[in-house]
>>> print(open('start-v6.pdb').read())   # PDB, N, CA and C atoms
ATOM      1  N   MET F   6     -21.494 -39.954 -25.765
ATOM      2  CA  MET F   6     -20.671 -38.839 -25.351
ATOM      3  C   MET F   6     -21.059 -38.464 -23.925
ATOM      4  N   ALA F   7     -20.080 -38.427 -23.030
ATOM      5  CA  ALA F   7     -20.342 -38.083 -21.631
ATOM      6  C   ALA F   7     -20.437 -36.579 -21.474
ATOM      7  N   LYS F   8     -21.390 -36.165 -20.684
ATOM      8  CA  LYS F   8     -21.571 -34.739 -20.438
ATOM      9  C   LYS F   8     -20.795 -34.364 -19.172
ATOM     10  N   SER F   9     -19.984 -33.304 -19.261
ATOM     11  CA  SER F   9     -19.188 -32.830 -18.130
ATOM     12  C   SER F   9     -20.009 -31.821 -17.338
ATOM     13  N   THR F  10     -19.997 -31.965 -16.035
ATOM     14  CA  THR F  10     -20.696 -31.024 -15.173
ATOM     15  C   THR F  10     -19.681 -30.348 -14.248
ATOM     16  N   ASN F  11     -19.584 -29.041 -14.347
ATOM     17  CA  ASN F  11     -18.709 -28.276 -13.467
ATOM     18  C   ASN F  11     -19.534 -27.661 -12.353
ATOM     19  N   PHE F  12     -19.081 -27.827 -11.151
ATOM     20  CA  PHE F  12     -19.755 -27.186 -10.035
ATOM     21  C   PHE F  12     -18.724 -26.853  -8.965
ATOM     22  N   CYS F  13     -19.103 -25.962  -8.107
ATOM     23  CA  CYS F  13     -18.179 -25.487  -7.077
ATOM     24  C   CYS F  13     -18.840 -25.643  -5.718
ATOM     25  N   VAL F  14     -18.071 -26.168  -4.780
ATOM     26  CA  VAL F  14     -18.592 -26.328  -3.427
ATOM     27  C   VAL F  14     -17.691 -25.530  -2.485
ATOM     28  N   GLY F  15     -18.232 -24.461  -1.887
ATOM     29  CA  GLY F  15     -17.482 -23.689  -0.908
ATOM     30  C   GLY F  15     -16.353 -22.860  -1.480
ATOM     31  N   GLY F  16     -16.434 -22.441  -2.716
ATOM     32  CA  GLY F  16     -15.370 -21.630  -3.298
ATOM     33  C   GLY F  16     -15.815 -20.959  -4.580
ATOM     34  N   PHE F  17     -14.853 -20.431  -5.301
ATOM     35  CA  PHE F  17     -15.132 -19.765  -6.565
ATOM     36  C   PHE F  17     -15.183 -20.783  -7.697
ATOM     37  N   PRO F  18     -16.010 -20.534  -8.672
ATOM     38  CA  PRO F  18     -16.081 -21.458  -9.815
ATOM     39  C   PRO F  18     -14.996 -21.187 -10.860
ATOM     40  N   PHE F  19     -13.895 -20.562 -10.414
ATOM     41  CA  PHE F  19     -12.772 -20.269 -11.302
ATOM     42  C   PHE F  19     -11.516 -20.162 -10.451
ATOM     43  N   ASP F  20     -10.347 -20.202 -11.095
ATOM     44  CA  ASP F  20      -9.083 -20.088 -10.380
ATOM     45  C   ASP F  20      -8.875 -18.653  -9.916
ATOM     46  N   VAL F  21      -8.443 -18.495  -8.678
ATOM     47  CA  VAL F  21      -8.106 -17.183  -8.146
ATOM     48  C   VAL F  21      -6.590 -17.156  -7.973
ATOM     49  N   ARG F  22      -5.953 -16.224  -8.657
ATOM     50  CA  ARG F  22      -4.497 -16.123  -8.602
ATOM     51  C   ARG F  22      -4.108 -14.681  -8.322
ATOM     52  N   LEU F  23      -3.100 -14.519  -7.500
ATOM     53  CA  LEU F  23      -2.575 -13.201  -7.209
ATOM     54  C   LEU F  23      -1.232 -13.049  -7.899
ATOM     55  N   ASP F  24      -1.082 -11.961  -8.641
ATOM     56  CA  ASP F  24       0.199 -11.694  -9.277
ATOM     57  C   ASP F  24       1.226 -11.349  -8.207
ATOM     58  N   GLN F  25       2.455 -11.727  -8.441
ATOM     59  CA  GLN F  25       3.547 -11.398  -7.530
ATOM     60  C   GLN F  25       4.011  -9.982  -7.828
ATOM     61  N   PRO F  26       4.221  -9.156  -6.783
ATOM     62  CA  PRO F  26       4.710  -7.798  -7.031
ATOM     63  C   PRO F  26       6.134  -7.825  -7.576
ATOM     64  N   ASN F  27       6.480  -6.799  -8.361
ATOM     65  CA  ASN F  27       7.828  -6.730  -8.915
ATOM     66  C   ASN F  27       8.810  -6.241  -7.842
ATOM     67  N   LYS F  28      10.103  -6.202  -8.164
ATOM     68  CA  LYS F  28      11.139  -5.850  -7.189
ATOM     69  C   LYS F  28      10.956  -4.441  -6.648
ATOM     70  N   GLU F  29      10.573  -3.507  -7.509
ATOM     71  CA  GLU F  29      10.386  -2.116  -7.076
ATOM     72  C   GLU F  29       9.234  -2.017  -6.072
ATOM     73  N   THR F  30       8.155  -2.727  -6.324
ATOM     74  CA  THR F  30       7.014  -2.717  -5.417
ATOM     75  C   THR F  30       7.375  -3.365  -4.086
ATOM     76  N   ILE F  31       8.103  -4.465  -4.125
ATOM     77  CA  ILE F  31       8.537  -5.128  -2.887
ATOM     78  C   ILE F  31       9.429  -4.193  -2.080
ATOM     79  N   ALA F  32      10.357  -3.491  -2.749
ATOM     80  CA  ALA F  32      11.240  -2.556  -2.051
ATOM     81  C   ALA F  32      10.428  -1.435  -1.398
ATOM     82  N   ALA F  33       9.426  -0.913  -2.098
ATOM     83  CA  ALA F  33       8.578   0.144  -1.546
ATOM     84  C   ALA F  33       7.783  -0.359  -0.348
ATOM     85  N   MET F  34       7.296  -1.584  -0.416
ATOM     86  CA  MET F  34       6.540  -2.165   0.697
ATOM     87  C   MET F  34       7.435  -2.341   1.926
ATOM     88  N   LEU F  35       8.666  -2.790   1.707
ATOM     89  CA  LEU F  35       9.604  -2.963   2.822
ATOM     90  C   LEU F  35       9.984  -1.613   3.420
ATOM     91  N   GLU F  36      10.163  -0.606   2.584
ATOM     92  CA  GLU F  36      10.478   0.736   3.083
ATOM     93  C   GLU F  36       9.314   1.281   3.913
ATOM     94  N   ALA F  37       8.097   1.107   3.435
ATOM     95  CA  ALA F  37       6.914   1.569   4.170
ATOM     96  C   ALA F  37       6.813   0.873   5.524
ATOM     97  N   GLU F  38       7.099  -0.407   5.552
ATOM     98  CA  GLU F  38       7.067  -1.178   6.799
ATOM     99  C   GLU F  38       8.124  -0.653   7.775
ATOM    100  N   ARG F  39       9.327  -0.371   7.256
ATOM    101  CA  ARG F  39      10.399   0.159   8.096
ATOM    102  C   ARG F  39      10.016   1.523   8.669
ATOM    103  N   ILE F  40       9.491   2.406   7.824
ATOM    104  CA  ILE F  40       9.089   3.739   8.264
ATOM    105  C   ILE F  40       7.975   3.647   9.305
ATOM    106  N   ALA F  41       7.021   2.764   9.090
ATOM    107  CA  ALA F  41       5.889   2.623  10.004
ATOM    108  C   ALA F  41       6.324   2.196  11.400
ATOM    109  N   HIS F  42       7.435   1.484  11.505
ATOM    110  CA  HIS F  42       7.890   0.992  12.808
ATOM    111  C   HIS F  42       9.069   1.774  13.376
ATOM    112  N   ASP F  43       9.485   2.853  12.701
ATOM    113  CA  ASP F  43      10.628   3.653  13.139
ATOM    114  C   ASP F  43      10.129   4.793  14.018
ATOM    115  N   PRO F  44      10.426   4.757  15.329
ATOM    116  CA  PRO F  44       9.919   5.805  16.227
ATOM    117  C   PRO F  44      10.514   7.183  15.941
ATOM    118  N   SER F  45      11.611   7.255  15.187
ATOM    119  CA  SER F  45      12.198   8.562  14.894
ATOM    120  C   SER F  45      11.519   9.269  13.713
ATOM    121  N   VAL F  46      10.641   8.562  13.009
ATOM    122  CA  VAL F  46       9.929   9.157  11.883
ATOM    123  C   VAL F  46       8.641   9.781  12.402
ATOM    124  N   LYS F  47       8.476  11.084  12.112
ATOM    125  CA  LYS F  47       7.284  11.788  12.579
ATOM    126  C   LYS F  47       6.057  11.303  11.812
ATOM    127  N   GLY F  48       4.990  11.083  12.545
ATOM    128  CA  GLY F  48       3.728  10.688  11.932
ATOM    129  C   GLY F  48       2.655  11.710  12.270
ATOM    130  N   TYR F  49       1.581  11.674  11.558
ATOM    131  CA  TYR F  49       0.491  12.622  11.756
ATOM    132  C   TYR F  49      -0.827  11.878  11.914
ATOM    133  N   ILE F  50      -1.633  12.378  12.820
ATOM    134  CA  ILE F  50      -3.008  11.891  12.964
ATOM    135  C   ILE F  50      -3.945  12.867  12.270
ATOM    136  N   ASP F  51      -3.588  14.173  12.352
ATOM    137  CA  ASP F  51      -4.406  15.236  11.774
ATOM    138  C   ASP F  51      -3.808  15.680  10.437
ATOM    139  N   PRO F  52      -4.486  15.437   9.323
ATOM    140  CA  PRO F  52      -3.935  15.832   8.033
ATOM    141  C   PRO F  52      -3.735  17.349   7.914
ATOM    142  N   ASN F  53      -4.555  18.131   8.608
ATOM    143  CA  ASN F  53      -4.383  19.586   8.560
ATOM    144  C   ASN F  53      -3.033  19.989   9.155
ATOM    145  N   GLU F  54      -2.626  19.320  10.226
ATOM    146  CA  GLU F  54      -1.323  19.580  10.828
ATOM    147  C   GLU F  54      -0.213  19.224   9.836
ATOM    148  N   MET F  55      -0.359  18.107   9.171
ATOM    149  CA  MET F  55       0.644  17.684   8.198
ATOM    150  C   MET F  55       0.779  18.701   7.074
ATOM    151  N   PHE F  56      -0.347  19.146   6.518
ATOM    152  CA  PHE F  56      -0.291  20.100   5.414
ATOM    153  C   PHE F  56       0.238  21.451   5.868
ATOM    154  N   ALA F  57      -0.090  21.867   7.090
ATOM    155  CA  ALA F  57       0.425  23.129   7.620
ATOM    156  C   ALA F  57       1.949  23.068   7.739
ATOM    157  N   GLU F  58       2.479  21.970   8.261
ATOM    158  CA  GLU F  58       3.929  21.820   8.379
ATOM    159  C   GLU F  58       4.584  21.723   7.004
ATOM    160  N   LEU F  59       3.955  21.050   6.082
ATOM    161  CA  LEU F  59       4.483  20.950   4.721
ATOM    162  C   LEU F  59       4.537  22.332   4.081
ATOM    163  N   LYS F  60       3.458  23.096   4.217
ATOM    164  CA  LYS F  60       3.401  24.448   3.647
ATOM    165  C   LYS F  60       4.470  25.326   4.284
ATOM    166  N   GLU F  61       4.618  25.230   5.606
ATOM    167  CA  GLU F  61       5.616  26.018   6.319
ATOM    168  C   GLU F  61       7.027  25.660   5.830
ATOM    169  N   GLY F  62       7.286  24.384   5.662
ATOM    170  CA  GLY F  62       8.597  23.940   5.178
ATOM    171  C   GLY F  62       8.886  24.463   3.785
ATOM    172  N   ILE F  63       7.899  24.474   2.940
ATOM    173  CA  ILE F  63       8.069  24.975   1.566
ATOM    174  C   ILE F  63       8.365  26.474   1.604
ATOM    175  N   GLN F  64       7.628  27.219   2.423
ATOM    176  CA  GLN F  64       7.809  28.670   2.499
ATOM    177  C   GLN F  64       9.187  29.003   3.103
ATOM    178  N   ASN F  65       9.623  28.243   4.084
ATOM    179  CA  ASN F  65      10.902  28.505   4.738
ATOM    180  C   ASN F  65      12.094  28.172   3.852
ATOM    181  N   HIS F  66      11.913  27.298   2.898
ATOM    182  CA  HIS F  66      13.022  26.884   2.040
ATOM    183  C   HIS F  66      12.927  27.501   0.639
ATOM    184  N   GLY F  67      11.950  28.383   0.444
ATOM    185  CA  GLY F  67      11.829  29.088  -0.833
ATOM    186  C   GLY F  67      11.516  28.210  -2.014
ATOM    187  N   ILE F  68      10.827  27.130  -1.766
ATOM    188  CA  ILE F  68      10.474  26.215  -2.851
ATOM    189  C   ILE F  68       9.156  26.653  -3.461
TER     190      ILE F  68
END
>>> encode(input="start-v6.pdb", output="structure tokens")
Amino acid sequence: MAKSTNFCVGGFPFDVRLDQPNKETIAAMLEAERIAHDPSVKGYIDPNEMFAELKEGIQNHGI
């Protein structure tokens, strides 16, 4: 009976597979990419500024 020897050279000793995202996830990724490159979409560097504007918007619209 021959003995099998498994070894790995320069990689993982098992298969590495990435699941494919579903259609909803792909759509969300494409939307995020579009928003990230759209100069008309306001972005924030300071999260405090973002939350202040969000709070102000909520108070102004009675939400």
>>> atom_distance(input="start-v6.pdb", atom1="atom C of Asn53 in chain F", atom2="CA of Thr30 in chain F")
28.8 Å
>>> atom_distance(input="start-v6.pdb", atom1="atom N of Leu59 in chain F", atom2="atom C of Val46 in chain F")
13.7 Å
>>> atom_distance(input="start-v6.pdb", atom1="CA of Ile31 in chain F", atom2="CA of Asp43 in chain F")
18.4 Å
>>> select_by_dssp(input="start-v6.pdb", residues="chain F", states="alpha helix (DSSP H)", output="list in words")
Lys28, Glu29, Thr30, Ile31, Ala32, Ala33, Met34, Leu35, Glu36, Ala37, Glu38, Arg39, Ile40, Ala41, Pro52, Asn53, Glu54, Met55, Phe56, Ala57, Glu58, Leu59, Lys60, Glu61, Gly62, Ile63, Gln64 and Asn65 of chain F
